[in-house]
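Chemist: Take this structure first; my questions come after.
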Amino acid sequence: MDKPKVVLGVSGGIAAYKACELLRRLTESGHDVRVVPTEASLNFVGAATWSALSGNPVQTEVWESVHEVPHVRIGQSADLVVVAPATADMLAKAAHGLADDLLTNTLLTARCPVVFAPAMHTEMWEHPATQENVATLRRRGAVVIEPAVGRLTGVDTGKGRLPDPGEIFEVCRRVLTRGPAVPDLAGRHVVISAGGTREPLDPVRYLGNRSSGKQGYALARTAVARGARVTLIEANTGLPDPAGADVLRAGSAVQLREAVLKAAADADVVVMAAAVADFRPARYVTGKIKKKDGQEPAPLTLVRNPDILAEVAADRARPGQIVVGFAAETDDVLANGREKLRRKACDLLVVNEVGERKTFGSEENEAVVLGADGSETAVPFGPKEVLADTVWDLVAARFR
Ligand code: CTP
């Protein structure tokens, strides 16, 4: 089988050096990569580096190897074009259809999925000109990954960093797997909670659970690849931030509730994948609880935590908002799931069986997705991203 053909466009920002790592990931995972840098980007990384790492010729202009008509052929034969980093200038050219070098010509001739990974200073990213260009590109079907927040060039910090190359690779891999299908969550804001809450007892102890957060992260990564704006609210996962998601952190159920309700205010979809503690210690002890010789420990008194899923579902912030819950059950899985779907009044409930052999933290999952309309979609044992894509298929069908 031919290797999938990927065009890696590199425009002139300092983050160009990170594209070397993205290129390595792509080639090592069996892709045939043609790097098309802009002239400006060669100030940061030279053509020799791209040529050596890709094993393919590198050119920036349309005037070399003219007999091969590269300005048309490279785009036409690509299975994926990814531009990383994409500067404000590159986004503007792409949005307006300018074609003054090989990369911009390639963008006009490509009919495959296109991914942009912008990187620039916060002011440039937030400027209405850039935001309108990004909106135009998204409306036309491109996946534009939101930049990460963090240290920028010089002394500045803010939104505009190129996400981790490994995470950009993950977006590319998913977009390639989906093929030319239009990103069906484009224009949608999805809020996902992931991980497990910790309910503090004293400054060193908490009540927690064994949720790894991997299913929630798989939902976030697949949603980015399907074009959604993603807010991921994570509780104690320690996992690397997915490219393109705005990641917020919450520790306890009360903090998670606050973050979810705030983000849900302008969300089209809310997915509660987090394992929320049903109870918390009634009293937080400000100093470490010490054992005392000859004394039994004081019994632990617990109080109920708010049910975030039920609250979001009962009081929808927007008409048509879709609310998805999860349920981990050990017995009478489907019957309990149906009852929970009714009780929590959500639109979809992903029910999985947990037990001794079905451990938390695994890379796979098996579930049945129950719909409020009575539907049942069984997802056989497999990678968590397959279950995630099934959830998004069901969500997208409800939007249609
Ligand atoms: N959930 C929530 N807030 C809580 C508890 C759970 O939002 N305080 C959400 C979870 O994120 C999940 C769903 O509710 O999406 C189901 O969680 P589960 O623990 O299975 O449900 P419970 O209400 O705890 O039901 P039970 O204890 O009867 O199994």
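Every chain in the structure tokens takes a letter, A first, then B, and so on in the order presented; its residues are numbered from 1, and the ligands are numbered from 1 following the presented order.
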Hey, which residues sit close to ligand 1? Say within 7 Å, counting only C-alpha atoms and all ligand atoms, and write them as a ChimeraX atom specification.
Modeler: /A:253,272-278,305-310,325-329,340
Chemist: Near Asp347 (chain A), within 8 Å and counting only C-alpha atoms, which residues show up once chain neighbours fewer than 5 positions away are dropped, as number ranges by chain?
Modeler: A: 322-324, 341, 371-373
Chemist: Residues of the last selection are to be written out with N, CA and C atoms, as an mmCIF file, in the first residue's frame.
Modeler:
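File produced: part.cif:
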```
data_model
loop_
_atom_site.group_PDB
_atom_site.id
_atom_site.type_symbol
_atom_site.label_atom_id
_atom_site.label_comp_id
_atom_site.auth_asym_id
_atom_site.auth_seq_id
_atom_site.Cartn_x
_atom_site.Cartn_y
_atom_site.Cartn_z
ATOM 1 N N ILE A 322 -26.859 19.751 24.063
ATOM 2 C CA ILE A 322 -26.866 18.296 24.230
ATOM 3 C C ILE A 322 -26.011 17.931 25.440
ATOM 4 N N VAL A 323 -26.575 17.108 26.313
ATOM 5 C CA VAL A 323 -25.873 16.741 27.543
ATOM 6 C C VAL A 323 -25.618 15.229 27.551
ATOM 7 N N VAL A 324 -24.356 14.883 27.761
ATOM 8 C CA VAL A 324 -23.942 13.476 27.715
ATOM 9 C C VAL A 324 -23.343 13.092 29.063
ATOM 10 N N LEU A 341 -30.166 7.285 33.087
ATOM 11 C CA LEU A 341 -30.434 8.219 31.977
ATOM 12 C C LEU A 341 -31.713 9.016 32.268
ATOM 13 N N GLY A 371 -29.585 6.317 24.346
ATOM 14 C CA GLY A 371 -30.146 7.616 23.973
ATOM 15 C C GLY A 371 -31.481 7.826 24.659
ATOM 16 N N ALA A 372 -31.808 9.087 24.954
ATOM 17 C CA ALA A 372 -33.098 9.395 25.571
ATOM 18 C C ALA A 372 -34.246 9.007 24.635
ATOM 19 N N ASP A 373 -33.933 8.876 23.336
ATOM 20 C CA ASP A 373 -34.945 8.462 22.360
ATOM 21 C C ASP A 373 -35.123 6.945 22.318
#
```
Chemist: Would you compute the distance between CA of Asn105 (chain A) and CA of Thr136 (chain A)? Give it in Å to one decimal.
Modeler: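 Taking CA of Asn105 (chain A) and CA of Thr136 (chain A), their separation equals 17.9 Å.
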Chemist: Can you list, as a list in words, every protein, DNA or RNA residue that comes within 8 Å of region 388-391 of chain A when you count only C-alpha atoms, leaving out same-chain residues fewer than 6 positions away?
Modeler: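 Once the nearby chain positions are removed, what remains is Gln215, Ala218, Leu219, Thr222, Val369 and Val379 of chain A.
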Chemist: Between A:Ala263, A:Ala84, A:Val271, A:Ala194, which has the minimum distance to Gly251 (chain A) (counting only C-alpha atoms)?
Modeler: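 With only C-alpha atoms as the atom set, the closest residue is A:Ala194.
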Chemist: From the set A:Ser54, A:Ser77, A:Thr231, A:Ser211, which residue has the shortest atom-to-atom contact distance to Glu146 (chain A), counting only C-alpha atoms?
Modeler: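 The shortest atom-to-atom distance to Glu146 (chain A) comes from A:Thr231.
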Chemist: Out of A:Leu201, A:Arg210, A:Leu80, A:Asp266, which residue has the shortest atom-to-atom distance to Ser252 (chain A) when counting only C-alpha atoms?
Modeler: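 The shortest atom-to-atom distance to Ser252 (chain A) comes from A:Leu201.
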Chemist: With the cut-off set at 12 Å and counting only C-alpha atoms, tabulate each residue of region 37-98 of chain A with an atom at most that distance from an atom of region 176-179 of chain A, showing the nearest atom pair and its distance in Å to one decimal, ordered by chain and increasing number, as JSON lines.
Modeler:
```
{"residue": "A:Ala78", "atom": "CA", "partner": "A:Leu176", "partner_atom": "CA", "distance": 10.7}
{"residue": "A:Asp79", "atom": "CA", "partner": "A:Leu176", "partner_atom": "CA", "distance": 7.2}
{"residue": "A:Leu80", "atom": "CA", "partner": "A:Leu176", "partner_atom": "CA", "distance": 6.5}
{"residue": "A:Val81", "atom": "CA", "partner": "A:Leu176", "partner_atom": "CA", "distance": 9.7}
{"residue": "A:Val82", "atom": "CA", "partner": "A:Leu176", "partner_atom": "CA", "distance": 10.6}
```
Chemist: Give me, as a ChimeraX atom specification, the residues of region 203-333 of chain A that a backbone DSSP run labels helix (DSSP H, G or I).
Modeler: /A:214-225,253-264,308-314,333
Chemist: Find the residues around Arg318 (chain A) up to 10 Å (only C-alpha atoms counted), leave out those fewer than 6 positions away in its own chain, and share them as a PDB file with N, CA and C atoms, in the first residue's frame.
Modeler:
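Final output, saved to selection_30.pdb:
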```
ATOM      1  N   ALA A 264     -20.394  25.816  30.526  1.00  0.00           N
ATOM      2  CA  ALA A 264     -21.608  25.333  29.853  1.00  0.00           C
ATOM      3  C   ALA A 264     -22.488  26.481  29.366  1.00  0.00           C
ATOM      4  N   ALA A 265     -22.258  27.686  29.913  1.00  0.00           N
ATOM      5  CA  ALA A 265     -23.131  28.817  29.580  1.00  0.00           C
ATOM      6  C   ALA A 265     -23.176  29.073  28.077  1.00  0.00           C
ATOM      7  N   ASP A 266     -22.063  28.835  27.356  1.00  0.00           N
ATOM      8  CA  ASP A 266     -22.136  29.017  25.900  1.00  0.00           C
ATOM      9  C   ASP A 266     -21.715  27.749  25.155  1.00  0.00           C
ATOM     10  N   ALA A 267     -22.065  26.599  25.738  1.00  0.00           N
ATOM     11  CA  ALA A 267     -21.684  25.325  25.104  1.00  0.00           C
ATOM     12  C   ALA A 267     -22.837  24.740  24.298  1.00  0.00           C
ATOM     13  N   ASP A 268     -22.492  24.077  23.198  1.00  0.00           N
ATOM     14  CA  ASP A 268     -23.490  23.326  22.439  1.00  0.00           C
ATOM     15  C   ASP A 268     -23.624  21.914  22.981  1.00  0.00           C
ATOM     16  N   VAL A 269     -22.535  21.425  23.573  1.00  0.00           N
ATOM     17  CA  VAL A 269     -22.540  20.066  24.124  1.00  0.00           C
ATOM     18  C   VAL A 269     -21.785  20.080  25.446  1.00  0.00           C
TER      19      VAL A 269
END
```
Chemist: Given only C-alpha atoms as the basis, pick out the residue of A:Gly294, A:Gly30, A:Pro180, A:Gly12 nearest to Ala110 (chain A).
Modeler: A:Pro180
Chemist: May I have the residues within 12 Å of Asp202 (chain A) as an mmCIF file with N, CA, C and O atoms, in the first residue's frame, using only C-alpha atoms and disregarding those fewer than 6 positions away in the same chain?
Modeler:
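Generated output (selection03.cif):
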```cif
data_model
loop_
_atom_site.group_PDB
_atom_site.id
_atom_site.type_symbol
_atom_site.label_atom_id
_atom_site.label_comp_id
_atom_site.auth_asym_id
_atom_site.auth_seq_id
_atom_site.Cartn_x
_atom_site.Cartn_y
_atom_site.Cartn_z
ATOM 1 N N ARG A 280 -18.312 14.194 50.102
ATOM 2 C CA ARG A 280 -17.060 14.815 50.537
ATOM 3 C C ARG A 280 -17.047 14.871 52.062
ATOM 4 O O ARG A 280 -18.127 14.862 52.691
ATOM 5 N N PRO A 281 -15.857 14.942 52.662
ATOM 6 C CA PRO A 281 -15.810 15.057 54.119
ATOM 7 C C PRO A 281 -16.591 16.295 54.558
ATOM 8 O O PRO A 281 -16.477 17.361 53.947
ATOM 9 N N ALA A 282 -17.387 16.116 55.622
ATOM 10 C CA ALA A 282 -18.245 17.217 56.084
ATOM 11 C C ALA A 282 -17.403 18.398 56.551
ATOM 12 O O ALA A 282 -17.816 19.542 56.459
ATOM 13 N N ARG A 283 -16.189 18.091 57.015
ATOM 14 C CA ARG A 283 -15.376 19.167 57.575
ATOM 15 C C ARG A 283 -13.961 19.039 57.031
ATOM 16 O O ARG A 283 -13.401 17.933 56.989
ATOM 17 N N TYR A 284 -13.403 20.147 56.576
ATOM 18 C CA TYR A 284 -12.001 20.163 56.150
ATOM 19 C C TYR A 284 -11.175 20.594 57.352
ATOM 20 O O TYR A 284 -11.438 21.624 57.971
ATOM 21 N N VAL A 285 -10.201 19.774 57.717
ATOM 22 C CA VAL A 285 -9.368 20.073 58.878
ATOM 23 C C VAL A 285 -8.138 20.840 58.384
ATOM 24 O O VAL A 285 -7.399 20.343 57.522
ATOM 25 N N THR A 286 -7.938 22.034 58.895
ATOM 26 C CA THR A 286 -6.888 22.891 58.312
ATOM 27 C C THR A 286 -5.470 22.421 58.654
ATOM 28 O O THR A 286 -4.546 22.657 57.896
ATOM 29 N N GLY A 287 -5.299 21.749 59.785
ATOM 30 C CA GLY A 287 -3.982 21.190 60.108
ATOM 31 C C GLY A 287 -4.014 19.686 59.910
ATOM 32 O O GLY A 287 -5.081 19.067 59.927
ATOM 33 N N LYS A 288 -2.862 19.063 59.698
ATOM 34 C CA LYS A 288 -2.824 17.614 59.466
ATOM 35 C C LYS A 288 -3.436 16.853 60.653
ATOM 36 O O LYS A 288 -3.117 17.157 61.804
ATOM 37 N N ILE A 289 -4.299 15.898 60.344
ATOM 38 C CA ILE A 289 -4.932 15.107 61.406
ATOM 39 C C ILE A 289 -3.879 14.144 61.973
ATOM 40 O O ILE A 289 -3.272 13.370 61.215
ATOM 41 N N LYS A 290 -3.652 14.208 63.284
ATOM 42 C CA LYS A 290 -2.609 13.376 63.903
ATOM 43 C C LYS A 290 -3.248 12.210 64.650
ATOM 44 O O LYS A 290 -4.332 12.340 65.217
ATOM 45 N N LEU A 300 -15.426 9.286 60.144
ATOM 46 C CA LEU A 300 -15.447 10.299 59.089
ATOM 47 C C LEU A 300 -16.893 10.598 58.719
ATOM 48 O O LEU A 300 -17.637 9.691 58.355
#
```
Chemist: Which of these residues is nearest to Val312 (chain A), using only C-alpha atoms: A:Glu258, A:Asn365, A:Asp332, A:Val72?
Modeler: A:Glu258
Chemist: How would you write, as JSON, numbers by chain, the set of residues in region 117-294 of chain A that DSSP gives as strand (DSSP E or B)?
Modeler: {"A": [117, 118, 143, 144, 148, 149, 150, 151, 157, 158, 159, 160, 161, 189, 190, 191, 192, 193, 194, 195, 196, 199, 200, 201, 202, 205, 206, 207, 229, 230, 231, 232, 233, 234, 235, 245, 246, 247, 248, 249, 269, 270, 271, 272, 275, 279, 280, 281]}
Chemist: Which residue, A:Pro4, A:Pro242, A:Pro203, A:Gly213, has the smallest gap to Glu363 (chain A) when you use only C-alpha atoms?
Modeler: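 Smallest distance to Glu363 (chain A) is found for A:Gly213.
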Chemist: Would you work out the distance separating CA of Val114 (chain A) from CA of Ser51 (chain A), expressed in Å to one decimal?
Modeler: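 Straight-line distance from CA of Val114 (chain A) to CA of Ser51 (chain A) works out to 21.8 Å.
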Chemist: Name all residues at most 8 Å from Gly141 (chain A) (count only C-alpha atoms; drop same-chain ones fewer than 4 positions away) and give them as a PyMOL selection string.
Modeler: chain A and resi 113-114+137+182-183+186
Chemist: Residues at most 7 Å from region 99-104 of chain A, counting only C-alpha atoms, excluding those fewer than 3 positions away in the same chain, as a list in words?
Modeler: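 Skipping anything fewer than 3 positions along the chain leaves Gly9, Val36, Pro37, Thr38, Thr60, Glu61, Val62, His71, Ala94, Leu107 and Leu108 of chain A.
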Chemist: If you measure from CA of Glu234 (chain A) to CA of Glu21 (chain A), what distance in Å do you get, rounded to one decimal?
Modeler: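 These atoms are spaced 26.7 Å apart.
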